[in-house]
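Working notes, structure below.
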Amino acid sequence: MKRAWLNRASLTGLLLALGAAMAGCSPRYPMDTLSNGSDFARRIHGIYVFVNWIDFFIMVVVLVVMFLAMFWYSTREGEPGEPSTVTSDIRLEVLWTAIPALILVAITVPTIRTIWATQPDHWPKDALEVKVIAHQWWWEFRYPQYGIDTADEVHLQAGRMVHFSMQSADIIHSFWIPALGGKRDVVPGQINSITYTPDQLGEFYGQCVEFCGDSHANMRLRGFVQSKDDFDAWVKHQQAAPVTPESGAAARGAKIFADAPCAICHTVKGISGLSPQYTGNFKGPDLTHFGSRTTLAGSILDNTPENLAKWIQNPDAIKPGANMPTLGLQGQDLNDLVAYLESLK
Ligand code: CUA
């Protein structure tokens, strides 16, 4: 009995694999590596396209030769084939060694040029400096030029070179915003850096790409590339002290924040800071302008009062292994605290 080579199981497997591969092309999954939001990304993309054209050309040549050989030299029924008597051909061997070698050189030269071009050892004085500190499982972004300390959402200025210098507060992580190109491991005990000029306005998704424990997949980030005016406004806003609420739920929440253990790990400028007596080796995100962020908990949830309440009630259910403890706050207290944090615009 003849067996269909493409049975139902293999067809299903093939379709699933195709579906998974195609998912990378959907705008619903904004981790697109083919976007070109910076000079760095465009250089990498250029090599990618170039290598693909070479691959395509080789594929066409191989297929054409293969089909020619199949149809041209196949023996027909009743016609005995004449076996080849060629055992070696020095010209052929030189040819099929030289051609791949030349192709490799053609790929190596632009690759090495790109590596050099994307690893500058100096950058202009007016480049934006961003210090990235990776924590299990969130990203701290400090702007030493502006005295800003924020988390999970990094704001950049379009057309202005940014120099990220990266450190880890615990174990190895890896920083990556695919659309802006460039991926860099963040290794304890050393400073790694990456430099590029983003030039496409918008919001870009990022993700830690080095397995770093239970909530590695929950260690996400957002990059916001803004016009100069918008970026300047953001800086000004971040530098200002948040408005201290005078009355109502937010004012009660401020008191809860200061009295609960929140203030041991989290800073709100002018109100609390990392307690000097505290000797734990982790800190929580600076919450000075928490209400102005679009996401929370490692950029896995939209920043809404409902999500914030869920997060405070049971951080471990949202981000397994999170250092944020369950405080047992409920009802009015929880609502007041949420109102306060959301008021920190
Ligand atoms: Cu941090 Cu994976």
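Each chain in the structure tokens gets a letter, A, B, ..., in the order shown, and its residues are numbered from 1; ligands are numbered from 1 in order too.
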
inquiry  = I'd like the neighbourhood of Ser299 (chain A) as a ChimeraX atom specification, where a residue qualifies if any of its atoms comes within 9 Å (using only C-alpha atoms), though same-chain residues fewer than 3 positions away should be ignored.
reply    = /A:138,152-153,218-222,294-296,302-303

Set the cut-off to 10 Å, count only C-alpha atoms and all ligand atoms, and list whatever residues fall near ligand 1 as a PDB file with all heavy atoms, in the first residue's frame.
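Final output, saved to pocket.pdb:
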```pdb
ATOM      1  N   ALA A 134      19.852  46.850  35.252  1.00  0.00           N
ATOM      2  CA  ALA A 134      18.903  45.746  35.146  1.00  0.00           C
ATOM      3  C   ALA A 134      18.720  45.103  36.508  1.00  0.00           C
ATOM      4  O   ALA A 134      19.696  44.821  37.207  1.00  0.00           O
ATOM      5  CB  ALA A 134      19.417  44.731  34.133  1.00  0.00           C
ATOM      6  N   HIS A 135      17.467  44.936  36.886  1.00  0.00           N
ATOM      7  CA  HIS A 135      17.140  44.285  38.159  1.00  0.00           C
ATOM      8  C   HIS A 135      16.234  43.095  37.848  1.00  0.00           C
ATOM      9  O   HIS A 135      15.496  43.110  36.867  1.00  0.00           O
ATOM     10  CB  HIS A 135      16.338  45.222  39.065  1.00  0.00           C
ATOM     11  CG  HIS A 135      17.028  46.499  39.441  1.00  0.00           C
ATOM     12  ND1 HIS A 135      17.614  46.680  40.667  1.00  0.00           N
ATOM     13  CD2 HIS A 135      17.200  47.671  38.771  1.00  0.00           C
ATOM     14  CE1 HIS A 135      18.112  47.916  40.747  1.00  0.00           C
ATOM     15  NE2 HIS A 135      17.873  48.543  39.600  1.00  0.00           N
ATOM     16  N   GLN A 136      16.229  42.102  38.738  1.00  0.00           N
ATOM     17  CA  GLN A 136      15.211  41.060  38.636  1.00  0.00           C
ATOM     18  C   GLN A 136      13.897  41.665  39.140  1.00  0.00           C
ATOM     19  O   GLN A 136      13.795  41.933  40.354  1.00  0.00           O
ATOM     20  CB  GLN A 136      15.579  39.858  39.499  1.00  0.00           C
ATOM     21  CG  GLN A 136      16.540  38.896  38.802  1.00  0.00           C
ATOM     22  CD  GLN A 136      17.002  37.816  39.757  1.00  0.00           C
ATOM     23  OE1 GLN A 136      17.352  38.093  40.895  1.00  0.00           O
ATOM     24  NE2 GLN A 136      17.012  36.588  39.298  1.00  0.00           N
ATOM     25  N   TRP A 137      12.847  41.959  38.414  1.00  0.00           N
ATOM     26  CA  TRP A 137      12.737  41.894  36.992  1.00  0.00           C
ATOM     27  C   TRP A 137      12.175  43.198  36.507  1.00  0.00           C
ATOM     28  O   TRP A 137      10.985  43.307  36.212  1.00  0.00           O
ATOM     29  CB  TRP A 137      11.830  40.723  36.582  1.00  0.00           C
ATOM     30  CG  TRP A 137      12.482  39.410  36.871  1.00  0.00           C
ATOM     31  CD1 TRP A 137      13.398  38.773  36.062  1.00  0.00           C
ATOM     32  CD2 TRP A 137      12.329  38.567  38.017  1.00  0.00           C
ATOM     33  NE1 TRP A 137      13.811  37.580  36.656  1.00  0.00           N
ATOM     34  CE2 TRP A 137      13.164  37.442  37.861  1.00  0.00           C
ATOM     35  CE3 TRP A 137      11.579  38.657  39.189  1.00  0.00           C
ATOM     36  CZ2 TRP A 137      13.257  36.417  38.796  1.00  0.00           C
ATOM     37  CZ3 TRP A 137      11.674  37.641  40.119  1.00  0.00           C
ATOM     38  CH2 TRP A 137      12.507  36.528  39.914  1.00  0.00           C
ATOM     39  N   TRP A 138      12.990  44.202  36.462  1.00  0.00           N
ATOM     40  CA  TRP A 138      12.569  45.501  35.939  1.00  0.00           C
ATOM     41  C   TRP A 138      13.820  46.267  35.514  1.00  0.00           C
ATOM     42  O   TRP A 138      14.947  45.887  35.836  1.00  0.00           O
ATOM     43  CB  TRP A 138      11.755  46.280  36.992  1.00  0.00           C
ATOM     44  CG  TRP A 138      12.493  46.560  38.278  1.00  0.00           C
ATOM     45  CD1 TRP A 138      12.722  45.676  39.292  1.00  0.00           C
ATOM     46  CD2 TRP A 138      13.105  47.782  38.686  1.00  0.00           C
ATOM     47  NE1 TRP A 138      13.429  46.267  40.304  1.00  0.00           N
ATOM     48  CE2 TRP A 138      13.668  47.567  39.962  1.00  0.00           C
ATOM     49  CE3 TRP A 138      13.218  49.051  38.099  1.00  0.00           C
ATOM     50  CZ2 TRP A 138      14.359  48.564  40.655  1.00  0.00           C
ATOM     51  CZ3 TRP A 138      13.893  50.042  38.792  1.00  0.00           C
ATOM     52  CH2 TRP A 138      14.449  49.792  40.060  1.00  0.00           C
ATOM     53  N   TRP A 139      13.584  47.336  34.770  1.00  0.00           N
ATOM     54  CA  TRP A 139      14.692  48.133  34.242  1.00  0.00           C
ATOM     55  C   TRP A 139      14.710  49.502  34.909  1.00  0.00           C
ATOM     56  O   TRP A 139      13.687  50.173  34.975  1.00  0.00           O
ATOM     57  CB  TRP A 139      14.525  48.336  32.734  1.00  0.00           C
ATOM     58  CG  TRP A 139      14.531  47.065  31.957  1.00  0.00           C
ATOM     59  CD1 TRP A 139      13.431  46.341  31.585  1.00  0.00           C
ATOM     60  CD2 TRP A 139      15.666  46.365  31.458  1.00  0.00           C
ATOM     61  NE1 TRP A 139      13.829  45.229  30.885  1.00  0.00           N
ATOM     62  CE2 TRP A 139      15.183  45.213  30.784  1.00  0.00           C
ATOM     63  CE3 TRP A 139      17.045  46.595  31.505  1.00  0.00           C
ATOM     64  CZ2 TRP A 139      16.039  44.301  30.167  1.00  0.00           C
ATOM     65  CZ3 TRP A 139      17.885  45.686  30.889  1.00  0.00           C
ATOM     66  CH2 TRP A 139      17.380  44.556  30.232  1.00  0.00           C
ATOM     67  N   SER A 168      24.284  45.550  35.869  1.00  0.00           N
ATOM     68  CA  SER A 168      23.272  44.700  36.468  1.00  0.00           C
ATOM     69  C   SER A 168      23.336  44.817  37.980  1.00  0.00           C
ATOM     70  O   SER A 168      24.415  44.930  38.557  1.00  0.00           O
ATOM     71  CB  SER A 168      23.494  43.247  36.071  1.00  0.00           C
ATOM     72  OG  SER A 168      22.642  42.423  36.835  1.00  0.00           O
ATOM     73  N   ASP A 170      22.023  42.423  39.785  1.00  0.00           N
ATOM     74  CA  ASP A 170      22.047  41.057  40.317  1.00  0.00           C
ATOM     75  C   ASP A 170      22.701  40.068  39.347  1.00  0.00           C
ATOM     76  O   ASP A 170      23.889  39.816  39.451  1.00  0.00           O
ATOM     77  CB  ASP A 170      20.628  40.613  40.706  1.00  0.00           C
ATOM     78  CG  ASP A 170      19.547  41.176  39.787  1.00  0.00           C
ATOM     79  OD1 ASP A 170      19.615  40.876  38.584  1.00  0.00           O
ATOM     80  OD2 ASP A 170      18.660  41.900  40.263  1.00  0.00           O
ATOM     81  N   ILE A 171      21.931  39.518  38.409  1.00  0.00           N
ATOM     82  CA  ILE A 171      22.508  38.500  37.533  1.00  0.00           C
ATOM     83  C   ILE A 171      22.498  38.986  36.078  1.00  0.00           C
ATOM     84  O   ILE A 171      22.212  40.147  35.830  1.00  0.00           O
ATOM     85  CB  ILE A 171      21.748  37.154  37.666  1.00  0.00           C
ATOM     86  CG1 ILE A 171      20.282  37.336  37.273  1.00  0.00           C
ATOM     87  CG2 ILE A 171      21.839  36.640  39.098  1.00  0.00           C
ATOM     88  CD1 ILE A 171      19.509  36.036  37.204  1.00  0.00           C
ATOM     89  N   ILE A 172      22.802  38.102  35.149  1.00  0.00           N
ATOM     90  CA  ILE A 172      22.885  38.535  33.746  1.00  0.00           C
ATOM     91  C   ILE A 172      21.495  38.750  33.144  1.00  0.00           C
ATOM     92  O   ILE A 172      20.609  37.923  33.283  1.00  0.00           O
ATOM     93  CB  ILE A 172      23.640  37.493  32.883  1.00  0.00           C
ATOM     94  CG1 ILE A 172      25.037  37.232  33.443  1.00  0.00           C
ATOM     95  CG2 ILE A 172      23.739  37.970  31.438  1.00  0.00           C
ATOM     96  CD1 ILE A 172      25.829  36.226  32.623  1.00  0.00           C
ATOM     97  N   HIS A 173      21.330  39.897  32.508  1.00  0.00           N
ATOM     98  CA  HIS A 173      20.120  40.201  31.751  1.00  0.00           C
ATOM     99  C   HIS A 173      20.587  40.611  30.349  1.00  0.00           C
ATOM    100  O   HIS A 173      21.784  40.659  30.078  1.00  0.00           O
ATOM    101  CB  HIS A 173      19.354  41.365  32.388  1.00  0.00           C
ATOM    102  CG  HIS A 173      18.958  41.126  33.818  1.00  0.00           C
ATOM    103  ND1 HIS A 173      17.761  40.576  34.178  1.00  0.00           N
ATOM    104  CD2 HIS A 173      19.612  41.368  34.990  1.00  0.00           C
ATOM    105  CE1 HIS A 173      17.685  40.480  35.499  1.00  0.00           C
ATOM    106  NE2 HIS A 173      18.805  40.958  36.015  1.00  0.00           N
ATOM    107  N   SER A 174      19.644  40.923  29.489  1.00  0.00           N
ATOM    108  CA  SER A 174      20.039  41.416  28.171  1.00  0.00           C
ATOM    109  C   SER A 174      19.022  42.437  27.683  1.00  0.00           C
ATOM    110  O   SER A 174      17.816  42.194  27.728  1.00  0.00           O
ATOM    111  CB  SER A 174      20.177  40.255  27.187  1.00  0.00           C
ATOM    112  OG  SER A 174      20.809  40.703  26.008  1.00  0.00           O
ATOM    113  N   PHE A 175      19.546  43.562  27.260  1.00  0.00           N
ATOM    114  CA  PHE A 175      18.716  44.720  26.890  1.00  0.00           C
ATOM    115  C   PHE A 175      18.440  44.701  25.391  1.00  0.00           C
ATOM    116  O   PHE A 175      19.380  44.621  24.589  1.00  0.00           O
ATOM    117  CB  PHE A 175      19.494  45.986  27.274  1.00  0.00           C
ATOM    118  CG  PHE A 175      18.851  47.279  26.885  1.00  0.00           C
ATOM    119  CD1 PHE A 175      17.911  47.884  27.713  1.00  0.00           C
ATOM    120  CD2 PHE A 175      19.188  47.909  25.696  1.00  0.00           C
ATOM    121  CE1 PHE A 175      17.331  49.096  27.357  1.00  0.00           C
ATOM    122  CE2 PHE A 175      18.615  49.126  25.336  1.00  0.00           C
ATOM    123  CZ  PHE A 175      17.682  49.715  26.170  1.00  0.00           C
ATOM    124  N   ASP A 185      24.072  42.252  26.306  1.00  0.00           N
ATOM    125  CA  ASP A 185      23.980  41.590  27.603  1.00  0.00           C
ATOM    126  C   ASP A 185      24.363  42.562  28.703  1.00  0.00           C
ATOM    127  O   ASP A 185      25.252  43.402  28.523  1.00  0.00           O
ATOM    128  CB  ASP A 185      24.906  40.370  27.652  1.00  0.00           C
ATOM    129  CG  ASP A 185      24.250  39.143  27.036  1.00  0.00           C
ATOM    130  OD1 ASP A 185      23.136  39.283  26.488  1.00  0.00           O
ATOM    131  OD2 ASP A 185      24.826  38.054  27.103  1.00  0.00           O
ATOM    132  N   VAL A 186      23.677  42.454  29.829  1.00  0.00           N
ATOM    133  CA  VAL A 186      23.971  43.296  30.985  1.00  0.00           C
ATOM    134  C   VAL A 186      24.548  42.349  32.035  1.00  0.00           C
ATOM    135  O   VAL A 186      23.843  41.497  32.562  1.00  0.00           O
ATOM    136  CB  VAL A 186      22.684  43.978  31.499  1.00  0.00           C
ATOM    137  CG1 VAL A 186      23.027  44.985  32.572  1.00  0.00           C
ATOM    138  CG2 VAL A 186      21.937  44.651  30.354  1.00  0.00           C
ATOM    139  N   GLN A 207      12.384  43.850  25.553  1.00  0.00           N
ATOM    140  CA  GLN A 207      12.263  42.650  26.376  1.00  0.00           C
ATOM    141  C   GLN A 207      13.654  42.233  26.843  1.00  0.00           C
ATOM    142  O   GLN A 207      14.621  42.371  26.099  1.00  0.00           O
ATOM    143  CB  GLN A 207      11.648  41.543  25.499  1.00  0.00           C
ATOM    144  CG  GLN A 207      11.732  40.139  26.039  1.00  0.00           C
ATOM    145  CD  GLN A 207      10.702  39.876  27.134  1.00  0.00           C
ATOM    146  OE1 GLN A 207       9.520  40.155  26.956  1.00  0.00           O
ATOM    147  NE2 GLN A 207      11.160  39.367  28.261  1.00  0.00           N
ATOM    148  N   CYS A 208      13.735  41.735  28.068  1.00  0.00           N
ATOM    149  CA  CYS A 208      14.988  41.121  28.496  1.00  0.00           C
ATOM    150  C   CYS A 208      15.152  39.832  27.706  1.00  0.00           C
ATOM    151  O   CYS A 208      14.211  39.061  27.580  1.00  0.00           O
ATOM    152  CB  CYS A 208      14.949  40.812  29.992  1.00  0.00           C
ATOM    153  SG  CYS A 208      16.414  39.928  30.562  1.00  0.00           S
ATOM    154  N   VAL A 209      16.329  39.620  27.136  1.00  0.00           N
ATOM    155  CA  VAL A 209      16.500  38.461  26.266  1.00  0.00           C
ATOM    156  C   VAL A 209      17.602  37.525  26.757  1.00  0.00           C
ATOM    157  O   VAL A 209      18.262  36.863  25.968  1.00  0.00           O
ATOM    158  CB  VAL A 209      16.747  38.868  24.797  1.00  0.00           C
ATOM    159  CG1 VAL A 209      15.435  39.154  24.105  1.00  0.00           C
ATOM    160  CG2 VAL A 209      17.661  40.063  24.691  1.00  0.00           C
ATOM    161  N   GLU A 210      17.823  37.537  28.069  1.00  0.00           N
ATOM    162  CA  GLU A 210      18.736  36.551  28.647  1.00  0.00           C
ATOM    163  C   GLU A 210      17.983  35.940  29.818  1.00  0.00           C
ATOM    164  O   GLU A 210      17.524  36.675  30.700  1.00  0.00           O
ATOM    165  CB  GLU A 210      20.014  37.236  29.136  1.00  0.00           C
ATOM    166  CG  GLU A 210      21.022  36.308  29.777  1.00  0.00           C
ATOM    167  CD  GLU A 210      21.642  35.343  28.769  1.00  0.00           C
ATOM    168  OE1 GLU A 210      22.131  35.813  27.724  1.00  0.00           O
ATOM    169  OE2 GLU A 210      21.601  34.127  29.030  1.00  0.00           O
ATOM    170  N   PHE A 211      17.842  34.626  29.830  1.00  0.00           N
ATOM    171  CA  PHE A 211      17.038  33.999  30.872  1.00  0.00           C
ATOM    172  C   PHE A 211      17.576  34.384  32.249  1.00  0.00           C
ATOM    173  O   PHE A 211      18.743  34.176  32.557  1.00  0.00           O
ATOM    174  CB  PHE A 211      17.019  32.485  30.723  1.00  0.00           C
ATOM    175  CG  PHE A 211      16.177  31.839  31.790  1.00  0.00           C
ATOM    176  CD1 PHE A 211      14.804  32.001  31.798  1.00  0.00           C
ATOM    177  CD2 PHE A 211      16.760  31.117  32.820  1.00  0.00           C
ATOM    178  CE1 PHE A 211      14.024  31.457  32.793  1.00  0.00           C
ATOM    179  CE2 PHE A 211      15.990  30.562  33.823  1.00  0.00           C
ATOM    180  CZ  PHE A 211      14.621  30.727  33.812  1.00  0.00           C
ATOM    181  N   CYS A 212      16.696  34.983  33.082  1.00  0.00           N
ATOM    182  CA  CYS A 212      17.166  35.528  34.355  1.00  0.00           C
ATOM    183  C   CYS A 212      16.258  35.127  35.505  1.00  0.00           C
ATOM    184  O   CYS A 212      16.101  35.860  36.470  1.00  0.00           O
ATOM    185  CB  CYS A 212      17.296  37.044  34.247  1.00  0.00           C
ATOM    186  SG  CYS A 212      15.786  37.856  33.720  1.00  0.00           S
ATOM    187  N   GLY A 213      15.622  33.975  35.379  1.00  0.00           N
ATOM    188  CA  GLY A 213      14.818  33.492  36.497  1.00  0.00           C
ATOM    189  C   GLY A 213      13.336  33.456  36.187  1.00  0.00           C
ATOM    190  O   GLY A 213      12.911  33.675  35.048  1.00  0.00           O
ATOM    191  N   ASP A 214      12.543  33.203  37.251  1.00  0.00           N
ATOM    192  CA  ASP A 214      11.100  32.963  37.106  1.00  0.00           C
ATOM    193  C   ASP A 214      10.385  33.961  36.207  1.00  0.00           C
ATOM    194  O   ASP A 214       9.559  33.599  35.398  1.00  0.00           O
ATOM    195  CB  ASP A 214      10.422  33.020  38.494  1.00  0.00           C
ATOM    196  CG  ASP A 214      10.805  31.822  39.339  1.00  0.00           C
ATOM    197  OD1 ASP A 214      11.525  30.939  38.825  1.00  0.00           O
ATOM    198  OD2 ASP A 214      10.391  31.768  40.510  1.00  0.00           O
ATOM    199  N   SER A 215      10.686  35.242  36.401  1.00  0.00           N
ATOM    200  CA  SER A 215       9.914  36.250  35.678  1.00  0.00           C
ATOM    201  C   SER A 215      10.703  36.911  34.548  1.00  0.00           C
ATOM    202  O   SER A 215      10.426  38.052  34.167  1.00  0.00           O
ATOM    203  CB  SER A 215       9.369  37.300  36.644  1.00  0.00           C
ATOM    204  OG  SER A 215       8.160  36.846  37.198  1.00  0.00           O
ATOM    205  N   HIS A 216      11.624  36.171  34.003  1.00  0.00           N
ATOM    206  CA  HIS A 216      12.381  36.681  32.843  1.00  0.00           C
ATOM    207  C   HIS A 216      11.435  37.201  31.755  1.00  0.00           C
ATOM    208  O   HIS A 216      11.622  38.277  31.216  1.00  0.00           O
ATOM    209  CB  HIS A 216      13.275  35.559  32.310  1.00  0.00           C
ATOM    210  CG  HIS A 216      13.662  35.692  30.886  1.00  0.00           C
ATOM    211  ND1 HIS A 216      14.497  36.694  30.446  1.00  0.00           N
ATOM    212  CD2 HIS A 216      13.313  34.970  29.780  1.00  0.00           C
ATOM    213  CE1 HIS A 216      14.652  36.557  29.129  1.00  0.00           C
ATOM    214  NE2 HIS A 216      13.944  35.541  28.716  1.00  0.00           N
ATOM    215  N   ALA A 217      10.386  36.401  31.481  1.00  0.00           N
ATOM    216  CA  ALA A 217       9.452  36.806  30.412  1.00  0.00           C
ATOM    217  C   ALA A 217       8.668  38.058  30.793  1.00  0.00           C
ATOM    218  O   ALA A 217       8.094  38.723  29.933  1.00  0.00           O
ATOM    219  CB  ALA A 217       8.493  35.664  30.096  1.00  0.00           C
ATOM    220  N   ASN A 218       8.642  38.370  32.103  1.00  0.00           N
ATOM    221  CA  ASN A 218       7.897  39.553  32.557  1.00  0.00           C
ATOM    222  C   ASN A 218       8.799  40.770  32.705  1.00  0.00           C
ATOM    223  O   ASN A 218       8.430  41.752  33.332  1.00  0.00           O
ATOM    224  CB  ASN A 218       7.218  39.257  33.893  1.00  0.00           C
ATOM    225  CG  ASN A 218       6.197  38.153  33.751  1.00  0.00           C
ATOM    226  OD1 ASN A 218       5.499  38.088  32.750  1.00  0.00           O
ATOM    227  ND2 ASN A 218       6.121  37.282  34.744  1.00  0.00           N
ATOM    228  N   MET A 219       9.983  40.688  32.172  1.00  0.00           N
ATOM    229  CA  MET A 219      10.927  41.803  32.294  1.00  0.00           C
ATOM    230  C   MET A 219      10.944  42.548  30.963  1.00  0.00           C
ATOM    231  O   MET A 219      11.817  42.373  30.141  1.00  0.00           O
ATOM    232  CB  MET A 219      12.313  41.268  32.647  1.00  0.00           C
ATOM    233  CG  MET A 219      13.303  42.354  32.988  1.00  0.00           C
ATOM    234  SD  MET A 219      14.787  41.631  33.687  1.00  0.00           S
ATOM    235  CE  MET A 219      15.871  43.068  33.626  1.00  0.00           C
ATOM    236  N   ARG A 220       9.911  43.353  30.790  1.00  0.00           N
ATOM    237  CA  ARG A 220       9.785  44.048  29.503  1.00  0.00           C
ATOM    238  C   ARG A 220      10.088  45.531  29.675  1.00  0.00           C
ATOM    239  O   ARG A 220      10.276  46.008  30.791  1.00  0.00           O
ATOM    240  CB  ARG A 220       8.363  43.860  28.970  1.00  0.00           C
ATOM    241  CG  ARG A 220       8.051  42.378  28.843  1.00  0.00           C
ATOM    242  CD  ARG A 220       6.659  42.131  28.352  1.00  0.00           C
ATOM    243  NE  ARG A 220       6.224  40.811  28.785  1.00  0.00           N
ATOM    244  CZ  ARG A 220       4.967  40.385  28.742  1.00  0.00           C
ATOM    245  NH1 ARG A 220       4.032  41.186  28.282  1.00  0.00           N
ATOM    246  NH2 ARG A 220       4.666  39.181  29.156  1.00  0.00           N
TER     247      ARG A 220
END
```

DSSP on the backbone, then: every residue of region 147-281 of chain A marked strand (DSSP E), written as a short mmCIF file (atom, residue, chain, number, x, y, z; two decimals) with N, CA and C atoms, in the first residue's frame.
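states-v3.cif written:
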```cif
data_model
loop_
_atom_site.label_atom_id
_atom_site.label_comp_id
_atom_site.auth_asym_id
_atom_site.auth_seq_id
_atom_site.Cartn_x
_atom_site.Cartn_y
_atom_site.Cartn_z
N ILE A 148 17.46 62.43 36.42
CA ILE A 148 16.18 61.69 36.39
C ILE A 148 16.45 60.21 36.68
N ASP A 149 15.55 59.61 37.45
CA ASP A 149 15.63 58.17 37.72
C ASP A 149 14.23 57.62 37.48
N THR A 150 14.10 56.75 36.49
CA THR A 150 12.77 56.22 36.19
C THR A 150 12.87 54.72 35.91
N ALA A 151 11.74 54.11 35.57
CA ALA A 151 11.75 52.66 35.42
C ALA A 151 10.93 52.18 34.23
N GLU A 153 10.37 52.45 31.33
CA GLU A 153 10.05 53.20 30.13
C GLU A 153 11.18 54.21 29.89
N VAL A 154 11.83 54.03 28.74
CA VAL A 154 12.97 54.91 28.46
C VAL A 154 12.58 55.89 27.36
N HIS A 155 12.77 57.16 27.64
CA HIS A 155 12.43 58.20 26.66
C HIS A 155 13.69 58.66 25.95
N LEU A 156 13.60 58.73 24.62
CA LEU A 156 14.75 59.11 23.81
C LEU A 156 14.34 60.24 22.87
N GLN A 157 15.35 60.94 22.37
CA GLN A 157 15.06 62.05 21.47
C GLN A 157 15.43 61.66 20.04
N VAL A 162 22.11 58.34 21.41
CA VAL A 162 21.98 57.95 22.81
C VAL A 162 23.08 56.95 23.12
N HIS A 163 23.67 57.13 24.29
CA HIS A 163 24.68 56.18 24.75
C HIS A 163 24.14 55.52 26.02
N PHE A 164 23.82 54.23 25.89
CA PHE A 164 23.35 53.48 27.05
C PHE A 164 24.57 52.85 27.71
N SER A 165 24.76 53.08 29.02
CA SER A 165 25.79 52.29 29.71
C SER A 165 25.05 51.40 30.69
N MET A 166 25.38 50.13 30.65
CA MET A 166 24.52 49.14 31.32
C MET A 166 25.24 48.38 32.42
N GLN A 167 24.50 48.25 33.52
CA GLN A 167 25.02 47.51 34.67
C GLN A 167 23.90 46.61 35.20
N SER A 168 24.28 45.55 35.87
CA SER A 168 23.27 44.70 36.47
C SER A 168 23.34 44.82 37.98
N HIS A 173 21.33 39.90 32.51
CA HIS A 173 20.12 40.20 31.75
C HIS A 173 20.59 40.61 30.35
N SER A 174 19.64 40.92 29.49
CA SER A 174 20.04 41.42 28.17
C SER A 174 19.02 42.44 27.68
N PHE A 175 19.55 43.56 27.26
CA PHE A 175 18.72 44.72 26.89
C PHE A 175 18.44 44.70 25.39
N TRP A 176 17.16 44.80 25.03
CA TRP A 176 16.86 44.78 23.60
C TRP A 176 15.54 45.46 23.29
N LYS A 183 21.44 44.69 20.61
CA LYS A 183 21.06 43.91 21.78
C LYS A 183 22.34 43.77 22.58
N ARG A 184 22.22 43.97 23.90
CA ARG A 184 23.46 43.91 24.68
C ARG A 184 23.22 43.20 25.99
N ASP A 185 24.07 42.25 26.31
CA ASP A 185 23.98 41.59 27.60
C ASP A 185 24.36 42.56 28.70
N VAL A 186 23.68 42.45 29.83
CA VAL A 186 23.97 43.30 30.99
C VAL A 186 24.55 42.35 32.03
N ASN A 192 28.62 47.43 30.11
CA ASN A 192 28.52 47.26 28.67
C ASN A 192 27.79 48.47 28.11
N SER A 193 28.08 48.80 26.87
CA SER A 193 27.36 49.96 26.35
C SER A 193 26.88 49.73 24.94
N ILE A 194 25.95 50.55 24.55
CA ILE A 194 25.42 50.50 23.19
C ILE A 194 25.09 51.94 22.80
N THR A 195 25.35 52.25 21.55
CA THR A 195 25.18 53.63 21.10
C THR A 195 24.43 53.63 19.78
N TYR A 196 23.37 54.37 19.69
CA TYR A 196 22.71 54.54 18.40
C TYR A 196 21.90 55.83 18.36
N GLY A 202 7.89 57.25 17.96
CA GLY A 202 6.92 56.23 18.33
C GLY A 202 7.26 55.51 19.61
N GLU A 203 6.42 54.52 19.89
CA GLU A 203 6.58 53.71 21.10
C GLU A 203 7.05 52.33 20.65
N PHE A 204 8.15 51.85 21.22
CA PHE A 204 8.71 50.58 20.79
C PHE A 204 8.85 49.63 21.97
N TYR A 205 8.52 48.39 21.74
CA TYR A 205 8.53 47.39 22.81
C TYR A 205 9.91 46.76 22.93
N GLY A 206 10.28 46.44 24.16
CA GLY A 206 11.54 45.75 24.39
C GLY A 206 11.34 44.62 25.38
N GLN A 207 12.38 43.85 25.55
CA GLN A 207 12.26 42.65 26.38
C GLN A 207 13.65 42.23 26.84
N ARG A 220 9.91 43.35 30.79
CA ARG A 220 9.78 44.05 29.50
C ARG A 220 10.09 45.53 29.67
N LEU A 221 10.11 46.24 28.59
CA LEU A 221 10.34 47.68 28.65
C LEU A 221 9.72 48.35 27.43
N ARG A 222 9.61 49.66 27.51
CA ARG A 222 9.12 50.43 26.37
C ARG A 222 10.12 51.54 26.07
N GLY A 223 10.33 51.75 24.79
CA GLY A 223 11.16 52.88 24.37
C GLY A 223 10.26 53.90 23.69
N PHE A 224 10.34 55.15 24.12
CA PHE A 224 9.55 56.21 23.51
C PHE A 224 10.51 57.15 22.79
N VAL A 225 10.41 57.20 21.48
CA VAL A 225 11.26 58.12 20.73
C VAL A 225 10.42 59.35 20.43
N GLN A 226 10.90 60.51 20.92
CA GLN A 226 10.10 61.73 20.84
C GLN A 226 10.81 62.84 20.08
#
```

message = Restricting the calculation to only C-alpha atoms: of A:Val49, A:Met161, A:Val94, A:Leu68, which residue gets closest to Glu129 (chain A)?
response =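 Under the stated criterion, the closest residue is A:Met161.
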
task = Write out as JSON, numbers by chain all residues of region 113-151 of chain A that DSSP puts in helix (DSSP H, G or I) for this structure's backbone.
result = {"A": [113, 114, 115, 116, 117]}

task = Write out as a PyMOL selection string the residues lying within 12 Å of Asp259 (chain A), counting only C-alpha atoms and excluding same-chain residues fewer than 4 positions away.
result = chain A and resi 252-255+263-264+271-272+327+333+337
